[in-house]
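The structure file start17.cif is reproduced below (mmCIF, C-alpha atoms).
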```
data_run
loop_
_atom_site.label_atom_id
_atom_site.label_comp_id
_atom_site.auth_asym_id
_atom_site.auth_seq_id
_atom_site.Cartn_x
_atom_site.Cartn_y
_atom_site.Cartn_z
CA MET A 1 3.22 -47.84 -44.68
CA PHE A 2 6.28 -45.92 -45.79
CA ILE A 3 6.34 -47.38 -49.30
CA GLU A 4 2.56 -46.95 -49.57
CA ASN A 5 2.83 -43.28 -48.70
CA LEU A 6 5.58 -42.86 -51.26
CA LEU A 7 3.46 -44.47 -53.94
CA ASN A 8 0.38 -42.45 -53.00
CA GLN A 9 1.99 -39.07 -53.41
CA GLY A 10 1.25 -36.77 -56.30
CA ASP A 11 -1.86 -37.22 -58.39
CA ALA A 12 -1.46 -40.92 -59.17
CA PRO A 13 -4.18 -42.19 -56.78
CA MET A 14 -6.72 -39.62 -57.99
CA LEU A 15 -5.98 -40.46 -61.63
CA SER A 16 -6.30 -44.21 -60.97
CA GLU A 17 -9.70 -43.62 -59.44
CA MET A 18 -10.75 -41.66 -62.53
CA LEU A 19 -9.72 -44.63 -64.66
CA ARG A 20 -11.93 -46.89 -62.58
CA PHE A 21 -14.83 -44.49 -63.17
CA THR A 22 -14.34 -44.13 -66.92
CA SER A 23 -14.00 -47.91 -67.35
CA GLN A 24 -17.22 -48.59 -65.48
CA ARG A 25 -19.13 -45.86 -67.27
CA HIS A 26 -17.94 -47.18 -70.63
CA LYS A 27 -19.50 -50.56 -69.93
CA LEU A 28 -22.83 -49.00 -68.96
CA LEU A 29 -22.91 -46.77 -72.03
CA ALA A 30 -22.06 -49.77 -74.22
CA GLU A 31 -24.96 -51.70 -72.77
CA ASN A 32 -27.29 -48.76 -73.42
CA ILE A 33 -26.13 -48.53 -77.03
CA VAL A 34 -26.75 -52.18 -77.88
CA ASN A 35 -30.16 -52.14 -76.16
CA VAL A 36 -31.45 -49.13 -78.06
CA ASP A 37 -34.08 -51.28 -79.82
CA THR A 38 -34.94 -53.46 -76.85
CA PRO A 39 -38.44 -52.70 -75.59
CA ASN A 40 -38.87 -51.85 -71.89
CA TYR A 41 -35.14 -51.44 -71.37
CA ARG A 42 -34.09 -48.89 -68.72
CA GLN A 43 -30.93 -46.97 -69.51
CA LYS A 44 -28.14 -47.02 -66.94
CA ASP A 45 -25.47 -44.40 -66.26
CA LEU A 46 -22.98 -43.13 -63.69
CA SER A 47 -23.33 -39.51 -62.71
CA VAL A 48 -20.26 -37.55 -63.81
CA ASP A 49 -21.20 -34.52 -61.71
CA ARG A 50 -21.56 -36.55 -58.56
CA PHE A 51 -18.23 -38.28 -59.13
CA GLN A 52 -16.45 -34.99 -59.79
CA SER A 53 -17.83 -33.37 -56.64
CA MET A 54 -16.81 -36.41 -54.54
CA LEU A 55 -13.36 -36.24 -56.12
CA ARG A 56 -13.13 -32.55 -55.32
CA ALA A 57 -14.02 -33.19 -51.68
CA ARG A 58 -11.43 -35.95 -51.42
CA VAL A 59 -8.74 -33.73 -52.99
CA GLU A 60 -9.49 -30.96 -50.49
CA GLN A 61 -9.27 -33.50 -47.70
CA LYS A 62 -5.94 -34.72 -48.99
CA ARG A 63 -4.53 -31.22 -49.11
CA SER A 64 -5.22 -30.61 -45.45
CA SER A 65 -4.12 -34.02 -44.20
CA PRO A 66 -0.72 -35.58 -43.56
CA ALA A 67 0.87 -37.14 -46.62
CA GLY A 68 -0.52 -40.48 -47.69
CA SER A 69 -3.33 -40.67 -45.17
CA VAL A 70 -6.18 -40.03 -47.59
CA SER A 71 -6.89 -42.73 -50.13
CA PHE A 72 -9.05 -42.53 -53.22
CA ASP A 73 -9.98 -46.21 -53.49
CA ASP A 74 -13.40 -46.10 -51.97
CA ILE A 75 -15.22 -43.39 -53.90
CA GLY A 76 -18.67 -44.83 -54.39
CA MET A 77 -20.06 -45.24 -57.89
CA GLU A 78 -23.77 -45.95 -57.96
CA ILE A 79 -25.56 -46.94 -61.12
CA GLU A 80 -28.58 -44.77 -61.72
CA ASN A 81 -31.34 -44.67 -64.31
CA PRO A 82 -31.34 -41.23 -65.88
CA ARG A 83 -34.86 -40.00 -66.59
CA ALA A 84 -33.89 -37.02 -68.73
CA GLY A 85 -35.20 -36.83 -72.25
CA ILE A 86 -37.49 -39.86 -72.22
CA LEU A 87 -39.26 -39.92 -75.56
CA PHE A 88 -40.90 -43.32 -75.61
CA HIS A 89 -43.65 -44.82 -73.48
CA ASP A 90 -41.63 -47.80 -72.39
CA GLY A 91 -39.13 -45.58 -70.58
CA ASN A 92 -36.24 -46.04 -73.03
CA ASN A 93 -34.83 -42.73 -74.19
CA ARG A 94 -33.37 -43.95 -77.39
CA SER A 95 -31.06 -41.11 -78.37
CA MET A 96 -28.33 -42.96 -80.22
CA GLU A 97 -26.52 -39.70 -80.97
CA GLN A 98 -26.34 -38.73 -77.28
CA LEU A 99 -25.10 -42.17 -76.29
CA MET A 100 -22.40 -42.28 -78.97
CA SER A 101 -21.16 -38.80 -78.13
CA ASP A 102 -21.17 -39.58 -74.38
CA GLN A 103 -19.18 -42.71 -75.04
CA ALA A 104 -16.68 -40.85 -77.24
CA LYS A 105 -16.18 -38.19 -74.56
CA ASN A 106 -15.74 -40.83 -71.91
CA ALA A 107 -13.18 -42.73 -73.99
CA LEU A 108 -11.19 -39.57 -74.70
CA THR A 109 -11.15 -38.72 -71.00
CA HIS A 110 -9.98 -42.24 -70.24
CA ASN A 111 -7.13 -42.05 -72.75
CA LEU A 112 -6.10 -38.60 -71.51
CA VAL A 113 -5.99 -39.78 -67.89
CA VAL A 114 -3.89 -42.78 -68.96
CA GLU A 115 -1.35 -40.40 -70.50
CA LEU A 116 -1.28 -38.21 -67.38
CA LEU A 117 -0.82 -41.26 -65.17
CA ARG A 118 1.98 -42.52 -67.39
CA LYS A 119 3.76 -39.20 -66.96
CA GLN A 120 3.37 -39.40 -63.19
CA TYR A 121 4.86 -42.88 -63.02
CA ALA A 122 7.65 -41.88 -65.41
CA SER A 123 8.47 -38.92 -63.17
CA MET A 124 8.66 -41.12 -60.08
CA GLU A 125 10.82 -43.63 -61.90
CA MET A 126 13.11 -40.87 -63.11
CA ALA A 127 13.65 -39.61 -59.60
CA LEU A 128 14.36 -43.13 -58.35
CA LYS A 129 16.76 -44.02 -61.15
CA GLU A 130 18.48 -40.63 -60.84
CA ARG A 131 18.74 -40.77 -64.59
CA ILE A 132 16.78 -39.04 -67.27
CA GLY A 133 14.88 -41.71 -69.19
CA MET B 1 -13.29 -54.23 -70.30
CA PHE B 2 -12.86 -57.34 -72.41
CA ASP B 3 -16.40 -58.47 -71.68
CA THR B 4 -17.59 -55.28 -73.36
CA LEU B 5 -16.37 -56.85 -76.59
CA ASP B 6 -18.68 -59.81 -75.92
CA LEU B 7 -21.47 -57.31 -75.38
CA GLY B 8 -20.75 -55.74 -78.75
CA ALA B 9 -20.61 -59.11 -80.46
CA SER B 10 -24.05 -60.01 -79.12
CA ALA B 11 -25.41 -56.79 -80.60
CA LEU B 12 -23.87 -57.58 -83.98
CA VAL B 13 -25.44 -61.02 -83.98
CA ALA B 14 -28.85 -59.65 -82.99
CA GLN B 15 -28.86 -56.91 -85.65
CA ARG B 16 -27.62 -59.37 -88.26
CA THR B 17 -30.54 -61.69 -87.46
CA ARG B 18 -32.88 -58.73 -87.83
CA MET B 19 -31.32 -57.90 -91.21
CA ASP B 20 -31.73 -61.49 -92.36
CA THR B 21 -35.41 -61.41 -91.44
CA ILE B 22 -35.91 -58.17 -93.35
CA ALA B 23 -34.05 -59.59 -96.36
CA ALA B 24 -36.31 -62.66 -96.31
CA ASN B 25 -39.36 -60.41 -96.21
CA ILE B 26 -38.17 -58.38 -99.19
CA ALA B 27 -37.24 -61.49 -101.16
CA ASN B 28 -40.67 -62.99 -100.58
CA ILE B 29 -42.74 -59.92 -101.30
CA HIS B 30 -44.67 -61.69 -104.08
CA THR B 31 -44.55 -65.26 -102.80
CA THR B 32 -48.00 -66.81 -102.92
CA ARG B 33 -47.10 -70.46 -102.48
CA ASN B 34 -45.17 -72.24 -99.76
CA GLU B 35 -42.33 -74.76 -100.19
CA LYS B 36 -44.77 -77.61 -100.86
CA GLY B 37 -46.39 -75.66 -103.69
CA GLU B 38 -49.65 -75.14 -101.82
CA LEU B 39 -51.45 -71.84 -101.95
CA SER B 40 -50.16 -70.13 -98.81
CA PRO B 41 -48.93 -66.54 -99.06
CA PHE B 42 -45.70 -65.72 -97.23
CA ARG B 43 -46.33 -64.09 -93.84
CA ARG B 44 -44.18 -61.14 -92.86
CA LYS B 45 -41.74 -61.91 -90.04
CA PHE B 46 -40.27 -59.59 -87.44
CA VAL B 47 -37.86 -59.98 -84.53
CA THR B 48 -38.18 -58.90 -80.92
CA PHE B 49 -35.13 -58.07 -78.85
CA ALA B 50 -34.48 -58.70 -75.18
CA SER B 51 -31.51 -57.68 -73.06
CA GLY B 52 -28.93 -60.18 -71.92
CA GLN B 53 -26.53 -62.23 -74.03
CA ALA B 54 -27.92 -65.26 -75.85
CA GLY B 55 -25.71 -67.75 -74.05
CA ASP B 56 -25.92 -66.18 -70.59
CA ARG B 57 -28.88 -63.91 -69.85
CA SER B 58 -27.19 -62.41 -66.78
CA LYS B 59 -24.38 -60.86 -68.83
CA PRO B 60 -25.16 -57.46 -70.36
CA GLY B 61 -25.97 -57.54 -74.04
CA VAL B 62 -28.89 -58.08 -76.39
CA HIS B 63 -30.34 -61.09 -78.16
CA VAL B 64 -33.26 -61.97 -80.38
CA SER B 65 -35.94 -63.43 -78.14
CA GLU B 66 -38.40 -64.38 -80.89
CA ILE B 67 -38.90 -64.30 -84.62
CA LYS B 68 -42.64 -63.79 -84.88
CA ASP B 69 -45.15 -63.84 -87.70
CA ASP B 70 -46.93 -60.61 -88.43
CA MET B 71 -50.59 -61.60 -88.22
CA SER B 72 -51.97 -58.56 -90.04
CA PRO B 73 -54.21 -59.47 -93.01
CA PHE B 74 -52.85 -60.29 -96.42
CA ILE B 75 -53.11 -57.73 -99.20
CA ARG B 76 -55.90 -58.66 -101.58
CA LYS B 77 -55.44 -57.66 -105.19
CA SER B 78 -57.97 -58.07 -107.95
CA ASP B 79 -56.43 -60.26 -110.66
CA PRO B 80 -59.04 -62.68 -112.08
CA GLY B 81 -56.74 -64.24 -114.68
CA ASN B 82 -54.13 -65.29 -112.11
CA PRO B 83 -53.93 -69.05 -111.37
CA ASP B 84 -53.66 -68.17 -107.64
CA ALA B 85 -56.89 -66.13 -107.64
CA ASP B 86 -59.72 -67.27 -105.41
CA ALA B 87 -63.39 -67.63 -106.34
CA ASP B 88 -63.94 -63.85 -106.35
CA GLY B 89 -60.94 -63.18 -108.58
CA TYR B 90 -58.70 -61.82 -105.80
CA VAL B 91 -55.14 -62.88 -105.13
CA SER B 92 -53.82 -62.83 -101.53
CA LEU B 93 -50.36 -61.30 -101.48
CA PRO B 94 -47.90 -61.20 -98.57
CA ASN B 95 -48.49 -58.41 -96.02
CA ILE B 96 -45.11 -56.87 -96.77
CA ASP B 97 -44.59 -53.16 -97.50
CA LEU B 98 -41.28 -52.45 -99.24
CA ALA B 99 -40.96 -48.96 -97.80
CA ILE B 100 -41.34 -50.24 -94.23
CA GLU B 101 -38.82 -53.01 -94.82
CA GLN B 102 -36.31 -50.55 -96.26
CA VAL B 103 -36.63 -48.17 -93.34
CA ASN B 104 -36.23 -51.08 -90.92
CA SER B 105 -33.15 -52.27 -92.74
CA LEU B 106 -31.63 -48.77 -92.48
CA GLU B 107 -32.26 -48.82 -88.74
CA ALA B 108 -30.73 -52.24 -88.32
CA SER B 109 -27.73 -51.15 -90.36
CA ARG B 110 -27.33 -48.02 -88.22
CA ALA B 111 -27.47 -50.04 -85.02
CA TYR B 112 -24.93 -52.49 -86.45
CA GLU B 113 -22.52 -49.66 -87.27
CA ALA B 114 -23.01 -48.11 -83.85
CA SER B 115 -22.02 -51.40 -82.23
CA ILE B 116 -18.92 -51.60 -84.44
CA THR B 117 -17.92 -48.06 -83.41
CA MET B 118 -18.50 -48.96 -79.78
CA MET B 119 -16.22 -51.98 -80.11
CA GLU B 120 -13.52 -49.88 -81.78
CA THR B 121 -13.73 -47.39 -78.91
CA THR B 122 -13.42 -50.26 -76.42
CA LYS B 123 -10.34 -51.57 -78.21
CA ALA B 124 -8.78 -48.09 -78.17
CA MET B 125 -9.37 -47.79 -74.43
CA ILE B 126 -7.84 -51.20 -73.75
CA SER B 127 -4.78 -50.37 -75.91
CA SER B 128 -4.33 -47.06 -74.17
CA SER B 129 -4.48 -48.73 -70.75
CA LEU B 130 -1.92 -51.29 -71.91
CA ARG B 131 0.45 -48.43 -72.66
CA LEU B 132 0.56 -47.73 -68.94
CA ILE B 133 2.82 -50.72 -68.62
CA ALA B 134 5.11 -49.86 -71.50
CA MET C 1 41.74 -18.91 -49.52
CA ILE C 2 40.90 -21.77 -47.21
CA ASN C 3 38.19 -19.67 -45.61
CA GLY C 4 36.70 -19.11 -49.06
CA VAL C 5 36.62 -22.84 -49.78
CA THR C 6 34.96 -23.64 -46.44
CA ASN C 7 32.31 -20.98 -47.11
CA ASN C 8 31.52 -22.46 -50.52
CA LEU C 9 31.29 -25.97 -49.08
CA SER C 10 28.68 -25.06 -46.45
CA LEU C 11 26.60 -22.97 -48.86
CA GLY C 12 26.74 -25.80 -51.35
CA GLN C 13 25.42 -28.23 -48.77
CA ILE C 14 22.58 -25.85 -47.94
CA ALA C 15 21.66 -25.83 -51.61
CA GLY C 16 20.90 -29.54 -51.21
CA GLY C 17 22.76 -30.73 -54.27
CA GLY C 18 26.23 -32.20 -54.28
CA ALA C 19 29.06 -30.16 -52.77
CA THR C 20 29.93 -27.29 -55.07
CA PRO C 21 33.56 -26.32 -54.35
CA ALA C 22 34.82 -27.53 -57.73
CA SER C 23 32.24 -25.64 -59.74
CA THR C 24 33.10 -22.36 -58.11
CA THR C 25 36.62 -22.81 -59.62
CA GLY C 26 38.26 -21.45 -56.51
CA ALA C 27 36.67 -18.03 -56.87
CA GLY C 28 35.96 -15.92 -53.83
CA SER C 29 32.98 -16.49 -51.56
CA THR C 30 30.80 -14.08 -53.60
CA GLY C 31 31.03 -16.27 -56.78
CA GLY C 32 30.24 -19.47 -54.85
CA SER C 33 27.27 -18.11 -52.92
CA SER C 34 25.47 -16.82 -56.01
CA PHE C 35 25.67 -20.24 -57.70
CA ALA C 36 24.49 -21.97 -54.56
CA ASP C 37 21.65 -19.52 -54.22
CA MET C 38 20.79 -20.03 -57.86
CA LEU C 39 20.58 -23.79 -57.24
CA LYS C 40 18.39 -23.28 -54.20
CA ASN C 41 16.05 -20.99 -56.16
CA SER C 42 15.93 -23.46 -59.03
CA ILE C 43 14.76 -26.20 -56.71
CA GLY C 44 12.04 -23.88 -55.47
CA GLU C 45 11.07 -23.04 -59.06
CA VAL C 46 10.83 -26.69 -60.07
CA SER C 47 8.75 -27.42 -57.00
CA LYS C 48 6.36 -24.58 -57.87
CA LEU C 49 6.06 -25.77 -61.48
CA GLN C 50 5.22 -29.25 -60.25
CA GLN C 51 2.59 -27.89 -57.90
CA ASP C 52 1.09 -25.85 -60.74
CA ALA C 53 0.93 -28.96 -62.90
CA SER C 54 -0.67 -30.95 -60.09
CA GLN C 55 -3.23 -28.20 -59.54
CA ALA C 56 -4.01 -28.12 -63.26
CA VAL C 57 -4.53 -31.89 -63.34
CA GLN C 58 -6.82 -31.72 -60.32
CA ASP C 59 -8.86 -28.90 -61.87
CA LEU C 60 -9.29 -30.95 -65.03
CA ALA C 61 -10.26 -34.05 -63.07
CA THR C 62 -12.82 -32.30 -60.88
CA GLY C 63 -14.33 -30.51 -63.86
CA LYS C 64 -13.30 -27.00 -62.85
CA THR C 65 -11.69 -26.45 -66.24
CA GLU C 66 -11.91 -27.96 -69.70
CA ASP C 67 -8.54 -26.58 -70.81
CA VAL C 68 -6.66 -29.75 -71.78
CA ASP C 69 -3.92 -27.81 -73.61
CA GLY C 70 -3.16 -25.80 -70.47
CA VAL C 71 -2.82 -28.95 -68.41
CA MET C 72 -0.52 -30.59 -70.96
CA THR C 73 1.64 -27.45 -71.18
CA ALA C 74 1.91 -27.19 -67.41
CA MET C 75 2.87 -30.86 -67.12
CA ASN C 76 5.48 -30.56 -69.86
CA LYS C 77 7.01 -27.48 -68.26
CA ALA C 78 7.25 -29.20 -64.90
CA ASP C 79 8.68 -32.30 -66.57
CA ILE C 80 11.40 -30.43 -68.48
CA ALA C 81 12.28 -28.32 -65.43
CA PHE C 82 12.66 -31.47 -63.35
CA LYS C 83 14.82 -33.13 -66.01
CA THR C 84 17.00 -29.99 -66.23
CA LEU C 85 17.53 -29.99 -62.48
CA LEU C 86 18.33 -33.69 -62.60
CA ALA C 87 20.87 -33.08 -65.38
CA ILE C 88 22.52 -30.28 -63.40
CA ARG C 89 22.70 -32.54 -60.38
CA GLY C 90 24.25 -35.29 -62.48
CA LYS C 91 26.93 -32.99 -63.81
CA LEU C 92 27.66 -31.67 -60.34
CA MET C 93 28.10 -35.22 -59.01
CA GLU C 94 30.44 -36.03 -61.90
CA ALA C 95 32.48 -32.90 -61.22
CA TYR C 96 32.63 -33.75 -57.51
CA ASP C 97 33.83 -37.27 -58.30
CA GLU C 98 36.57 -35.81 -60.50
CA VAL C 99 37.65 -33.43 -57.78
CA LYS C 100 37.78 -36.32 -55.31
CA GLN C 101 40.21 -38.06 -57.63
CA ILE C 102 42.67 -35.13 -57.45
CA SER C 103 45.43 -36.24 -55.19
CA MET C 104 46.87 -33.50 -53.06
#
```
Write the structure described by the file as structure tokens, please.
Amino acid sequence: MFIENLLNQGDAPMLSEMLRFTSQRHKLLAENIVNVDTPNYRQKDLSVDRFQSMLRARVEQKRSSPAGSVSFDDIGMEIENPRAGILFHDGNNRSMEQLMSDQAKNALTHNLVVELLRKQYASMEMALKERIG
Amino acid sequence: MFDTLDLGASALVAQRTRMDTIAANIANIHTTRNEKGELSPFRRKFVTFASGQAGDRSKPGVHVSEIKDDMSPFIRKSDPGNPDADADGYVSLPNIDLAIEQVNSLEASRAYEASITMMETTKAMISSSLRLIA
Amino acid sequence: MINGVTNNLSLGQIAGGGATPASTTGAGSTGGSSFADMLKNSIGEVSKLQQDASQAVQDLATGKTEDVDGVMTAMNKADIAFKTLLAIRGKLMEAYDEVKQISM
């Protein structure tokens, strides 16, 4: 319990959860991209807004709770079929440009979060080693 | 994340097959006889896609489900002197329109490139996650 | 003289770092207390910078802001401040070890 609480301090758990989200969303966007010419294919996505609001709620909860009691592991991620912008009769909204740009944004977010997480872990290690670097 | 690379590979294979079909159509745009030398104009072919990888339909991806013949009528051209002309002096030519084939090939090429970009993005994400350990 | 040293010792311990008698170079209680206070304030400053960085990261994650540069700057500031404090602490520990070696 003690070690767990130590490891769960700071923003590391929240950032790890974001990585889980960006990885999952990447796979869904990839599947959408390759199935752009497949008839009757329904696009799949994870809602970024919903994830961010759940994250916000969990962060607020963490702030007002004793250290280490709130975990981020179980934020639900449901796959949904976005209906926005459907242009074709078979239900496939084939906007390649939108998909590519969504995937690029998602990948950049993922890489940014990795960097932030690296800094967190480096900070913890620095404090433990009592040495700089 | 690694299985996303398999997903991308399935897309490359599918689009490549589509390209090959289009290339065959363009190459055979004036073919009036089949491989045995009989009078049988080349029929345009097209591919249909379905989701799921070719080897394992449950994995996300795309594959070519069928390469079908386009059953629209042949183009009939009046050319009485041609050895392939029928009794009325018309030659049956393949039902292939060069403009349509070129547009389709552009689309297939665009989809191919998009899959390549997607795979590069996947590789970048995996590399960046690996740096967490370093 | 001895009173001055005892004062510096207790203030140094309050500051939370190593004991500070050596670094005050035997000056009067006024010199020692200002350094100890400075250390205490520095710890508070570093803590605030780290909280600012954490808040910035959370705002970015929850979508409240799109300012990536701000987040990176805040994190770097907190990082450098923490490393500075760590360096000061290291030097203080070294100095304390040296003083311990002095045989009376």
- In Å, with one decimal, what is the gap from atom CA of C:Val71 to atom CA of C:Glu45? 17.8 Å
- Task: Compute the chain A side of the contact with chain B at 6 Å, counting all atoms listed in the file, and hand it back as a PyMOL selection string.
- Result: chain A and resi 34+38+111+118
Take the residues that were just selected and, keeping C-alpha atoms, output them as a PDB file, in the coordinates of the input.
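Final file, out-v9.pdb:
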```pdb
ATOM      1  CA  VAL A  34     -26.750 -52.180 -77.880  1.00  0.00           C
ATOM      2  CA  THR A  38     -34.940 -53.460 -76.850  1.00  0.00           C
ATOM      3  CA  ASN A 111      -7.130 -42.050 -72.750  1.00  0.00           C
ATOM      4  CA  ARG A 118       1.980 -42.520 -67.390  1.00  0.00           C
TER       5      ARG A 118
END
```
- Message: Given only C-alpha atoms as the basis, pick out the residue of A:Ala30, A:Leu15, A:Met124, A:Leu112 nearest to C:Thr62.
- Response: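 Of A:Ala30, A:Leu15, A:Met124, A:Leu112, the one nearest C:Thr62, counting only C-alpha atoms, is A:Leu15.
The neighbours of stretch 23-29 of chain A here are the residues that come within 8 Å of it, using only C-alpha atoms and leaving out any residue fewer than 6 positions away in the same chain; they are Lys44, Asp45, Leu46, Leu99, Asp102, Gln103, Asn106, Ala107 and His110 of chain A; Met1, Thr4 and Thr122 of chain B.
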- Pick out the closest residue to chain A from this set: C:Ala36, C:Val68, C:Ala95, C:Ile43. Count all atoms listed in the file.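 When distances to chain A are compared using all atoms listed in the file, the smallest one comes from C:Val68.
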- Message: With the PyMOL selection byres ((chain C and resi 72-77) around 8) as the selection, what would be picked from this file? Answer as a ChimeraX atom specification, please.
- Response: /C:49-50,52-54,56,68-71,78-81
Run the PyMOL selection byres ((chain C) within 8 of (chain A)) against the file shown and list the residues it catches, as a short mmCIF file (atom, residue, chain, number, x, y, z; two decimals) with C-alpha atoms, in the coordinates of the input.
```cif
data_model
loop_
_atom_site.label_atom_id
_atom_site.label_comp_id
_atom_site.auth_asym_id
_atom_site.auth_seq_id
_atom_site.Cartn_x
_atom_site.Cartn_y
_atom_site.Cartn_z
CA SER C 54 -0.67 -30.95 -60.09
CA VAL C 57 -4.53 -31.89 -63.34
CA GLN C 58 -6.82 -31.72 -60.32
CA ALA C 61 -10.26 -34.05 -63.07
CA THR C 62 -12.82 -32.30 -60.88
CA GLY C 63 -14.33 -30.51 -63.86
CA ASP C 79 8.68 -32.30 -66.57
CA LYS C 83 14.82 -33.13 -66.01
CA LEU C 86 18.33 -33.69 -62.60
CA ALA C 87 20.87 -33.08 -65.38
#
```
- To verify the selection step, state as JSON, numbers by chain which residues the PyMOL selection byres ((chain A and resi 6) around 12) yields on this input. {"A": [1, 2, 3, 4, 5, 7, 8, 9, 10, 11, 12, 13, 67, 68, 69, 121, 124, 125, 128]}
- One decimal place gives the atom CA of B:Ala24-atom CA of B:Arg44 separation as 8.7 Å
- Here atom CA of C:Val99 and atom CA of C:Ser47 stand apart by 29.5 Å
